Amino acid sequence: KNGTSDIPSDGEFNELRDSFTVWQENQGSSAEANCSASSYPTDIQFIEATSLTSSTRVGYDFLNPAQNENLLLFQDSIWPHSGTSGIILALTTNTYNSLTGEIFDSDIEFNTANFDFTTSEDLTTKTDLKNTAVHEIGHFLGLGHTSIVSATMYEQAVTGETKKRDLDCDDAEANTFKYPAGQENGYCTPTADCGFCASPDLLSATVEIDVTGSNPDSTT
């Protein structure tokens with residue numbers, strides 16, 4: 001709920017809402033033929049929490065599953081991931097079942113401690129929040145990187161870049177493949193072209209966690 005001091009007022013929240021809308025509408029770049037929402041139908045929907053959270057916990061809490069939240073977190077004070085402070089604009093952490101592919105939890109951290117973020121209305125050459133957020137939401141959905149330079153899911157971005165604000169046809173196709181309208185998720189034989197999206201295995205066991213003891217005074 002604290003947002004980021006990089007962006008005045010509450011502008012960052014509108015940028016994030018718009019970023020989710022890009023994937024929900026699945027609208028690719030008009031510069032490419034037949035790259036439209038009608039060509040790549042998806043029924044993925046995002047529901048915003050009724051109130052903003054004060055939680056800063058990244059990752060899945062297996063002991064308290066009901067307390068988990070999908071966070072969008074601005075790390076204004078310090079970037080907590082050692083060795084990546086000057087090279088990582090943002091980081092998405094997914095917790096998922098490797099057998100079924102089910103995503104339990106997804107959290108996005110923005111590295112506002114080391115990069116100056118700005119909104120779509122700001123024409124200065126800073127780090128565009130929507131450009132970064134749309135890319136990270138692709139990971140939020142379970143998508144990996146692509147080698148297509150024009151695509152939103154291309155792994156690199158430069159200062160002032162805005163091309164990832166909108167989807168490339170490759171991104172829209174991937175979204176439809178993962179979340180086709182009115183159908184089960186798409187799968188194929190794992191190959192480089194397919195993105196190694198293997199079909200799920202049957203879940204034959206469940207994880208159970210028991211607390212056998214605790215030491216609330218311990219610092220380790």
# chains A, B, ... in the order shown; residues from 1 in each chain; ligands from 1
call {"tool": "residues_around", "arguments": {"residues": "Lys178 in chain A", "least_positions_apart": "2", "cutoff": "9 Å", "atoms": "only C-alpha atoms", "output": "list of chain:residue names"}}
result
A:Thr42, A:Leu141, A:Gly142, A:Leu143, A:Glu173, A:Ala174, A:Asn175, A:Thr176, A:Pro180, A:Glu184, A:Asn185, A:Gly186, A:Tyr187
call {"tool": "write_last_selection", "arguments": {"atoms": "all heavy atoms", "output": "JSON list (two decimals), in the first residue's frame"}}
result
[["chain", "number", "residue", "atom", "x", "y", "z"],
["A", 42, "THR", "N", -8.54, -15.44, -24.87],
["A", 42, "THR", "CA", -8.20, -15.96, -23.54],
["A", 42, "THR", "C", -9.27, -15.50, -22.56],
["A", 42, "THR", "O", -9.91, -14.47, -22.79],
["A", 42, "THR", "CB", -6.82, -15.48, -23.08],
["A", 42, "THR", "OG1", -6.52, -16.03, -21.79],
["A", 42, "THR", "CG2", -6.77, -13.97, -22.99],
["A", 141, "LEU", "N", 2.11, -15.06, -14.80],
["A", 141, "LEU", "CA", 1.22, -16.03, -15.44],
["A", 141, "LEU", "C", 1.90, -17.36, -15.74],
["A", 141, "LEU", "O", 1.25, -18.30, -16.18],
["A", 141, "LEU", "CB", 0.69, -15.44, -16.76],
["A", 141, "LEU", "CG", -0.28, -14.27, -16.63],
["A", 141, "LEU", "CD1", -0.50, -13.60, -17.99],
["A", 141, "LEU", "CD2", -1.59, -14.75, -16.04],
["A", 142, "GLY", "N", 3.21, -17.43, -15.51],
["A", 142, "GLY", "CA", 3.93, -18.67, -15.74],
["A", 142, "GLY", "C", 4.72, -18.72, -17.03],
["A", 142, "GLY", "O", 5.23, -19.77, -17.41],
["A", 143, "LEU", "N", 4.84, -17.59, -17.73],
["A", 143, "LEU", "CA", 5.58, -17.56, -18.99],
["A", 143, "LEU", "C", 7.06, -17.30, -18.74],
["A", 143, "LEU", "O", 7.43, -16.56, -17.82],
["A", 143, "LEU", "CB", 5.03, -16.47, -19.91],
["A", 143, "LEU", "CG", 3.55, -16.58, -20.29],
["A", 143, "LEU", "CD1", 3.16, -15.44, -21.22],
["A", 143, "LEU", "CD2", 3.23, -17.93, -20.93],
["A", 173, "GLU", "N", 0.01, -15.11, -28.22],
["A", 173, "GLU", "CA", -0.16, -16.53, -28.53],
["A", 173, "GLU", "C", 0.17, -17.39, -27.31],
["A", 173, "GLU", "O", -0.51, -18.38, -27.01],
["A", 173, "GLU", "CB", 0.74, -16.93, -29.71],
["A", 173, "GLU", "CG", 0.56, -18.37, -30.15],
["A", 173, "GLU", "CD", 1.40, -18.71, -31.36],
["A", 173, "GLU", "OE1", 2.19, -17.86, -31.80],
["A", 173, "GLU", "OE2", 1.26, -19.84, -31.88],
["A", 174, "ALA", "N", 1.22, -17.00, -26.58],
["A", 174, "ALA", "CA", 1.60, -17.76, -25.38],
["A", 174, "ALA", "C", 0.51, -17.67, -24.32],
["A", 174, "ALA", "O", 0.20, -18.67, -23.64],
["A", 174, "ALA", "CB", 2.92, -17.21, -24.83],
["A", 175, "ASN", "N", -0.09, -16.50, -24.17],
["A", 175, "ASN", "CA", -1.16, -16.31, -23.19],
["A", 175, "ASN", "C", -2.36, -17.19, -23.53],
["A", 175, "ASN", "O", -2.95, -17.83, -22.66],
["A", 175, "ASN", "CB", -1.55, -14.84, -23.14],
["A", 175, "ASN", "CG", -2.42, -14.50, -21.94],
["A", 175, "ASN", "OD1", -2.44, -15.20, -20.94],
["A", 175, "ASN", "ND2", -3.14, -13.38, -22.05],
["A", 176, "THR", "N", -2.72, -17.22, -24.80],
["A", 176, "THR", "CA", -3.84, -18.05, -25.25],
["A", 176, "THR", "C", -3.51, -19.53, -25.09],
["A", 176, "THR", "O", -4.37, -20.34, -24.73],
["A", 176, "THR", "CB", -4.19, -17.75, -26.71],
["A", 176, "THR", "OG1", -4.67, -16.41, -26.80],
["A", 176, "THR", "CG2", -5.24, -18.70, -27.25],
["A", 180, "PRO", "N", -6.43, -20.68, -22.71],
["A", 180, "PRO", "CA", -7.38, -20.54, -23.82],
["A", 180, "PRO", "C", -8.80, -20.33, -23.32],
["A", 180, "PRO", "O", -9.20, -20.90, -22.29],
["A", 180, "PRO", "CB", -7.24, -21.86, -24.56],
["A", 180, "PRO", "CG", -6.78, -22.84, -23.51],
["A", 180, "PRO", "CD", -5.91, -22.05, -22.58],
["A", 184, "GLU", "N", -9.30, -26.17, -21.39],
["A", 184, "GLU", "CA", -8.22, -26.46, -20.47],
["A", 184, "GLU", "C", -6.92, -25.88, -21.01],
["A", 184, "GLU", "O", -6.80, -25.56, -22.19],
["A", 184, "GLU", "CB", -8.09, -27.97, -20.29],
["A", 184, "GLU", "CG", -9.28, -28.62, -19.60],
["A", 184, "GLU", "CD", -9.07, -30.10, -19.37],
["A", 184, "GLU", "OE1", -8.00, -30.62, -19.75],
["A", 184, "GLU", "OE2", -9.96, -30.74, -18.78],
["A", 185, "ASN", "N", -5.94, -25.78, -20.15],
["A", 185, "ASN", "CA", -4.64, -25.24, -20.57],
["A", 185, "ASN", "C", -4.05, -26.05, -21.70],
["A", 185, "ASN", "O", -4.21, -27.27, -21.78],
["A", 185, "ASN", "CB", -3.66, -25.26, -19.39],
["A", 185, "ASN", "CG", -4.04, -24.27, -18.31],
["A", 185, "ASN", "OD1", -5.19, -23.91, -18.19],
["A", 185, "ASN", "ND2", -3.06, -23.84, -17.55],
["A", 186, "GLY", "N", -3.33, -25.38, -22.58],
["A", 186, "GLY", "CA", -2.69, -26.06, -23.69],
["A", 186, "GLY", "C", -1.34, -26.64, -23.29],
["A", 186, "GLY", "O", -0.62, -26.07, -22.48],
["A", 187, "TYR", "N", -1.00, -27.79, -23.86],
["A", 187, "TYR", "CA", 0.29, -28.43, -23.61],
["A", 187, "TYR", "C", 0.79, -29.05, -24.90],
["A", 187, "TYR", "O", 0.02, -29.30, -25.82],
["A", 187, "TYR", "CB", 0.17, -29.50, -22.52],
["A", 187, "TYR", "CG", -0.20, -28.95, -21.17],
["A", 187, "TYR", "CD1", -1.51, -28.96, -20.74],
["A", 187, "TYR", "CD2", 0.76, -28.37, -20.34],
["A", 187, "TYR", "CE1", -1.86, -28.42, -19.51],
["A", 187, "TYR", "CE2", 0.43, -27.84, -19.12],
["A", 187, "TYR", "CZ", -0.88, -27.87, -18.71],
["A", 187, "TYR", "OH", -1.21, -27.34, -17.50]]
call {"tool": "residues_around", "arguments": {"residues": "Ala205 in chain A", "least_positions_apart": "4", "cutoff": "12 Å", "atoms": "only C-alpha atoms", "output": "MDAnalysis selection string"}}
result
chainID A and resid 97 99:100 201
call {"tool": "write_last_selection", "arguments": {"atoms": "C-alpha atoms", "output": "PDB file, in the first residue's frame"}}
result
ATOM      1  CA  ASN A  97       3.590 -27.522  -8.128  1.00  0.00           C
ATOM      2  CA  LEU A  99       3.882 -31.971 -11.274  1.00  0.00           C
ATOM      3  CA  THR A 100       0.589 -30.247 -12.028  1.00  0.00           C
ATOM      4  CA  ASP A 201       1.533 -35.472 -14.260  1.00  0.00           C
TER       5      ASP A 201
END
call {"tool": "residues_around", "arguments": {"residues": "Glu69 in chain A", "least_positions_apart": "5", "cutoff": "9 Å", "atoms": "only C-alpha atoms", "output": "number ranges by chain"}}
result
A: 53, 55, 57-58, 60, 105-107
call {"tool": "atom_distance", "arguments": {"atom1": "CA of Ser54 in chain A", "atom2": "CA of Leu16 in chain A"}}
result
17.0 Å
call {"tool": "atom_distance", "arguments": {"atom1": "CA of Asp171 in chain A", "atom2": "CA of Gln27 in chain A"}}
result
9.4 Å
call {"tool": "closest_atom_pairs", "arguments": {"of": "range 93-129 of chain A", "to": "range 4-13 of chain A", "cutoff": "8 Å", "atoms": "only C-alpha atoms", "output": "tab-separated table"}}
result
residue	atom	partner	partner_atom	distance
A:Thr112	CA	A:Thr4	CA	7.3
A:Asp116	CA	A:Asp6	CA	6.3
A:Phe117	CA	A:Asp6	CA	5.9
A:Thr118	CA	A:Ile7	CA	6.1
A:Thr119	CA	A:Glu12	CA	6.9
A:Leu129	CA	A:Glu12	CA	7.6
call {"tool": "write_last_selection", "arguments": {"atoms": "C-alpha atoms", "output": "PDB file, in the first residue's frame"}}
result
ATOM      1  CA  THR A 112      13.052   1.088  -6.930  1.00  0.00           C
ATOM      2  CA  ASP A 116      14.276   5.500 -10.998  1.00  0.00           C
ATOM      3  CA  PHE A 117      10.830   4.404 -12.149  1.00  0.00           C
ATOM      4  CA  THR A 118       8.375   6.617 -13.973  1.00  0.00           C
ATOM      5  CA  THR A 119       4.876   6.471 -15.491  1.00  0.00           C
ATOM      6  CA  LEU A 129       6.988   1.121 -14.774  1.00  0.00           C
TER       7      LEU A 129
END
call {"tool": "select_by_dssp", "arguments": {"residues": "chain A", "states": "helix (DSSP H, G or I)", "output": "ChimeraX atom specification"}}
result
/A:11-25,65-67,129-140,163-165,169-178
call {"tool": "write_last_selection", "arguments": {"atoms": "N, CA and C atoms", "output": "compact mmCIF listing (two decimals), in the first residue's frame"}}
result
# COMPACT_ATOMS: atom_id res chain seq x y z
N GLY A 11 0.06 7.45 -8.83
CA GLY A 11 0.17 7.11 -10.24
C GLY A 11 0.64 5.69 -10.49
N GLU A 12 1.44 5.14 -9.58
CA GLU A 12 1.96 3.79 -9.79
C GLU A 12 0.85 2.74 -9.80
N PHE A 13 -0.21 2.96 -9.01
CA PHE A 13 -1.28 1.98 -8.93
C PHE A 13 -2.07 1.90 -10.24
N ASN A 14 -2.30 3.04 -10.86
CA ASN A 14 -2.98 3.03 -12.16
C ASN A 14 -2.13 2.36 -13.23
N GLU A 15 -0.81 2.58 -13.17
CA GLU A 15 0.08 1.93 -14.13
C GLU A 15 0.01 0.41 -13.98
N LEU A 16 -0.06 -0.07 -12.76
CA LEU A 16 -0.13 -1.51 -12.52
C LEU A 16 -1.47 -2.08 -13.00
N ARG A 17 -2.55 -1.36 -12.75
CA ARG A 17 -3.86 -1.81 -13.22
C ARG A 17 -3.86 -1.91 -14.75
N ASP A 18 -3.31 -0.91 -15.40
CA ASP A 18 -3.25 -0.91 -16.87
C ASP A 18 -2.40 -2.07 -17.37
N SER A 19 -1.36 -2.41 -16.63
CA SER A 19 -0.46 -3.49 -17.05
C SER A 19 -1.17 -4.84 -17.03
N PHE A 20 -1.99 -5.07 -16.02
CA PHE A 20 -2.77 -6.31 -15.97
C PHE A 20 -3.80 -6.36 -17.09
N THR A 21 -4.37 -5.20 -17.40
CA THR A 21 -5.37 -5.13 -18.47
C THR A 21 -4.78 -5.55 -19.81
N VAL A 22 -3.52 -5.24 -20.05
CA VAL A 22 -2.86 -5.63 -21.30
C VAL A 22 -2.96 -7.13 -21.52
N TRP A 23 -2.68 -7.92 -20.48
CA TRP A 23 -2.74 -9.39 -20.60
C TRP A 23 -4.18 -9.88 -20.63
N GLN A 24 -5.06 -9.24 -19.88
CA GLN A 24 -6.45 -9.68 -19.85
C GLN A 24 -7.12 -9.47 -21.20
N GLU A 25 -6.81 -8.35 -21.85
CA GLU A 25 -7.35 -8.10 -23.18
C GLU A 25 -6.58 -8.83 -24.27
N PRO A 65 -1.47 -21.21 4.59
CA PRO A 65 -1.84 -21.00 3.18
C PRO A 65 -2.90 -19.92 2.97
N ALA A 66 -3.83 -19.81 3.92
CA ALA A 66 -4.92 -18.85 3.75
C ALA A 66 -4.44 -17.41 3.86
N GLN A 67 -3.23 -17.21 4.40
CA GLN A 67 -2.70 -15.86 4.59
C GLN A 67 -1.92 -15.36 3.39
N LEU A 129 7.61 2.11 -15.64
CA LEU A 129 6.99 1.12 -14.77
C LEU A 129 6.11 0.16 -15.56
N LYS A 130 5.30 0.67 -16.47
CA LYS A 130 4.41 -0.20 -17.23
C LYS A 130 5.20 -1.16 -18.10
N ASN A 131 6.27 -0.68 -18.71
CA ASN A 131 7.14 -1.53 -19.54
C ASN A 131 7.66 -2.71 -18.71
N THR A 132 8.04 -2.41 -17.47
CA THR A 132 8.57 -3.44 -16.58
C THR A 132 7.46 -4.35 -16.05
N ALA A 133 6.34 -3.75 -15.67
CA ALA A 133 5.25 -4.51 -15.05
C ALA A 133 4.61 -5.50 -16.02
N VAL A 134 4.38 -5.09 -17.26
CA VAL A 134 3.76 -6.00 -18.23
C VAL A 134 4.66 -7.22 -18.44
N HIS A 135 5.97 -7.01 -18.50
CA HIS A 135 6.90 -8.13 -18.62
C HIS A 135 6.81 -9.05 -17.41
N GLU A 136 6.83 -8.48 -16.22
CA GLU A 136 6.82 -9.30 -15.01
C GLU A 136 5.49 -10.04 -14.84
N ILE A 137 4.40 -9.44 -15.27
CA ILE A 137 3.10 -10.12 -15.19
C ILE A 137 3.09 -11.35 -16.10
N GLY A 138 3.87 -11.32 -17.18
CA GLY A 138 4.03 -12.52 -17.99
C GLY A 138 4.61 -13.66 -17.17
N HIS A 139 5.61 -13.36 -16.34
CA HIS A 139 6.15 -14.37 -15.43
C HIS A 139 5.12 -14.76 -14.38
N PHE A 140 4.37 -13.79 -13.90
CA PHE A 140 3.28 -14.00 -12.94
C PHE A 140 2.32 -15.07 -13.47
N LYS A 163 8.59 -0.39 -25.37
CA LYS A 163 7.97 -1.32 -26.32
C LYS A 163 7.28 -2.50 -25.65
N LYS A 164 7.62 -2.78 -24.39
CA LYS A 164 6.99 -3.90 -23.70
C LYS A 164 5.64 -3.53 -23.07
N ARG A 165 5.22 -2.28 -23.24
CA ARG A 165 3.91 -1.89 -22.72
C ARG A 165 2.79 -2.65 -23.40
N CYS A 169 2.80 -10.47 -30.89
CA CYS A 169 1.98 -11.64 -31.21
C CYS A 169 2.48 -12.89 -30.49
N ASP A 170 3.77 -12.99 -30.31
CA ASP A 170 4.33 -14.14 -29.60
C ASP A 170 3.82 -14.20 -28.17
N ASP A 171 3.71 -13.05 -27.53
CA ASP A 171 3.20 -12.98 -26.16
C ASP A 171 1.72 -13.34 -26.11
N ALA A 172 0.95 -12.77 -27.03
CA ALA A 172 -0.49 -13.04 -27.07
C ALA A 172 -0.77 -14.51 -27.34
N GLU A 173 0.01 -15.11 -28.22
CA GLU A 173 -0.16 -16.53 -28.53
C GLU A 173 0.17 -17.39 -27.31
N ALA A 174 1.22 -17.00 -26.58
CA ALA A 174 1.60 -17.76 -25.38
C ALA A 174 0.51 -17.67 -24.32
N ASN A 175 -0.09 -16.50 -24.17
CA ASN A 175 -1.16 -16.31 -23.19
C ASN A 175 -2.36 -17.19 -23.53
N THR A 176 -2.72 -17.22 -24.80
CA THR A 176 -3.84 -18.05 -25.25
C THR A 176 -3.51 -19.53 -25.09
N PHE A 177 -2.27 -19.90 -25.37
CA PHE A 177 -1.85 -21.29 -25.23
C PHE A 177 -1.98 -21.75 -23.78
N LYS A 178 -1.57 -20.88 -22.85
CA LYS A 178 -1.65 -21.23 -21.44
C LYS A 178 -3.07 -21.12 -20.89
call {"tool": "select_by_dssp", "arguments": {"residues": "range 91-169 of chain A", "states": "strand (DSSP E)", "output": "ChimeraX atom specification"}}
result
/A:91-96,103-110,117-118,127-128
call {"tool": "residues_around", "arguments": {"residues": "range 209-218 of chain A", "least_positions_apart": "3", "cutoff": "12 Å", "atoms": "only C-alpha atoms", "output": "list in words"}}
result
Asp61, Phe62, Leu63, Asn64, Pro65 and Thr206 of chain A
call {"tool": "closest_residue", "arguments": {"among": "A:Val207, A:Ala181, A:Ile87, A:Ala113", "to": "Gln45 in chain A", "atoms": "only C-alpha atoms"}}
result
A:Ala181
call {"tool": "closest_residue", "arguments": {"among": "A:Ile44, A:Leu167, A:Leu203, A:Ile108", "to": "Thr152 in chain A", "atoms": "only C-alpha atoms"}}
result
A:Leu167
call {"tool": "residues_around", "arguments": {"residues": "Tyr154 in chain A", "least_positions_apart": "3", "cutoff": "10 Å", "atoms": "only C-alpha atoms", "output": "JSON list (two decimals) with all heavy atoms, in the first residue's frame"}}
result
[["chain", "number", "residue", "atom", "x", "y", "z"],
["A", 135, "HIS", "N", 5.97, -7.01, -18.50],
["A", 135, "HIS", "CA", 6.90, -8.13, -18.62],
["A", 135, "HIS", "C", 6.81, -9.05, -17.41],
["A", 135, "HIS", "O", 6.69, -10.28, -17.55],
["A", 135, "HIS", "CB", 8.33, -7.60, -18.77],
["A", 135, "HIS", "CG", 9.37, -8.67, -18.78],
["A", 135, "HIS", "ND1", 9.81, -9.28, -19.94],
["A", 135, "HIS", "CD2", 10.08, -9.25, -17.77],
["A", 135, "HIS", "CE1", 10.73, -10.19, -19.65],
["A", 135, "HIS", "NE2", 10.92, -10.18, -18.33],
["A", 144, "GLY", "N", 7.91, -17.88, -19.57],
["A", 144, "GLY", "CA", 9.34, -17.65, -19.50],
["A", 144, "GLY", "C", 9.77, -16.62, -20.52],
["A", 144, "GLY", "O", 8.95, -15.93, -21.14],
["A", 145, "HIS", "N", 11.08, -16.50, -20.73],
["A", 145, "HIS", "CA", 11.61, -15.54, -21.69],
["A", 145, "HIS", "C", 11.56, -16.10, -23.11],
["A", 145, "HIS", "O", 11.47, -17.31, -23.31],
["A", 145, "HIS", "CB", 13.06, -15.19, -21.33],
["A", 145, "HIS", "CG", 13.17, -14.33, -20.12],
["A", 145, "HIS", "ND1", 14.17, -14.48, -19.18],
["A", 145, "HIS", "CD2", 12.41, -13.27, -19.68],
["A", 145, "HIS", "CE1", 14.02, -13.59, -18.22],
["A", 145, "HIS", "NE2", 12.97, -12.84, -18.51],
["A", 146, "THR", "N", 11.61, -15.21, -24.07],
["A", 146, "THR", "CA", 11.65, -15.57, -25.47],
["A", 146, "THR", "C", 12.86, -14.94, -26.12],
["A", 146, "THR", "O", 13.40, -13.94, -25.62],
["A", 146, "THR", "CB", 10.37, -15.10, -26.20],
["A", 146, "THR", "OG1", 10.44, -15.43, -27.59],
["A", 146, "THR", "CG2", 10.19, -13.59, -26.08],
["A", 147, "SER", "N", 13.29, -15.49, -27.24],
["A", 147, "SER", "CA", 14.42, -14.92, -27.97],
["A", 147, "SER", "C", 13.98, -13.85, -28.96],
["A", 147, "SER", "O", 14.82, -13.24, -29.63],
["A", 147, "SER", "CB", 15.16, -16.04, -28.72],
["A", 147, "SER", "OG", 14.28, -16.70, -29.63],
["A", 148, "ILE", "N", 12.68, -13.60, -29.08],
["A", 148, "ILE", "CA", 12.16, -12.60, -30.01],
["A", 148, "ILE", "C", 12.35, -11.21, -29.41],
["A", 148, "ILE", "O", 11.71, -10.86, -28.39],
["A", 148, "ILE", "CB", 10.68, -12.86, -30.32],
["A", 148, "ILE", "CG1", 10.53, -14.23, -30.99],
["A", 148, "ILE", "CG2", 10.10, -11.76, -31.21],
["A", 148, "ILE", "CD1", 9.09, -14.64, -31.25],
["A", 149, "VAL", "N", 13.20, -10.42, -30.00],
["A", 149, "VAL", "CA", 13.61, -9.13, -29.41],
["A", 149, "VAL", "C", 12.43, -8.18, -29.26],
["A", 149, "VAL", "O", 12.37, -7.40, -28.31],
["A", 149, "VAL", "CB", 14.73, -8.49, -30.27],
["A", 149, "VAL", "CG1", 15.11, -7.13, -29.71],
["A", 149, "VAL", "CG2", 15.94, -9.40, -30.33],
["A", 150, "SER", "N", 11.46, -8.23, -30.17],
["A", 150, "SER", "CA", 10.34, -7.28, -30.13],
["A", 150, "SER", "C", 9.28, -7.67, -29.10],
["A", 150, "SER", "O", 8.37, -6.89, -28.83],
["A", 150, "SER", "CB", 9.69, -7.20, -31.51],
["A", 150, "SER", "OG", 9.18, -8.47, -31.91],
["A", 151, "ALA", "N", 9.40, -8.85, -28.53],
["A", 151, "ALA", "CA", 8.36, -9.36, -27.64],
["A", 151, "ALA", "C", 8.46, -8.78, -26.23],
["A", 151, "ALA", "O", 9.54, -8.41, -25.77],
["A", 151, "ALA", "CB", 8.43, -10.88, -27.58],
["A", 157, "ALA", "N", 15.95, -5.18, -21.13],
["A", 157, "ALA", "CA", 15.32, -3.87, -21.33],
["A", 157, "ALA", "C", 16.36, -2.80, -21.11],
["A", 157, "ALA", "O", 17.27, -2.96, -20.30],
["A", 157, "ALA", "CB", 14.15, -3.68, -20.37],
["A", 164, "LYS", "N", 7.62, -2.78, -24.39],
["A", 164, "LYS", "CA", 6.99, -3.90, -23.70],
["A", 164, "LYS", "C", 5.64, -3.53, -23.07],
["A", 164, "LYS", "O", 5.00, -4.36, -22.43],
["A", 164, "LYS", "CB", 7.94, -4.45, -22.62],
["A", 164, "LYS", "CG", 9.17, -5.14, -23.17],
["A", 164, "LYS", "CD", 10.00, -5.74, -22.04],
["A", 164, "LYS", "CE", 11.19, -6.55, -22.55],
["A", 164, "LYS", "NZ", 12.18, -5.71, -23.23],
["A", 171, "ASP", "N", 3.71, -13.05, -27.53],
["A", 171, "ASP", "CA", 3.20, -12.98, -26.16],
["A", 171, "ASP", "C", 1.72, -13.34, -26.11],
["A", 171, "ASP", "O", 1.28, -14.11, -25.24],
["A", 171, "ASP", "CB", 3.39, -11.58, -25.59],
["A", 171, "ASP", "CG", 4.83, -11.10, -25.69],
["A", 171, "ASP", "OD1", 5.72, -11.78, -25.17],
["A", 171, "ASP", "OD2", 5.05, -10.04, -26.31]]
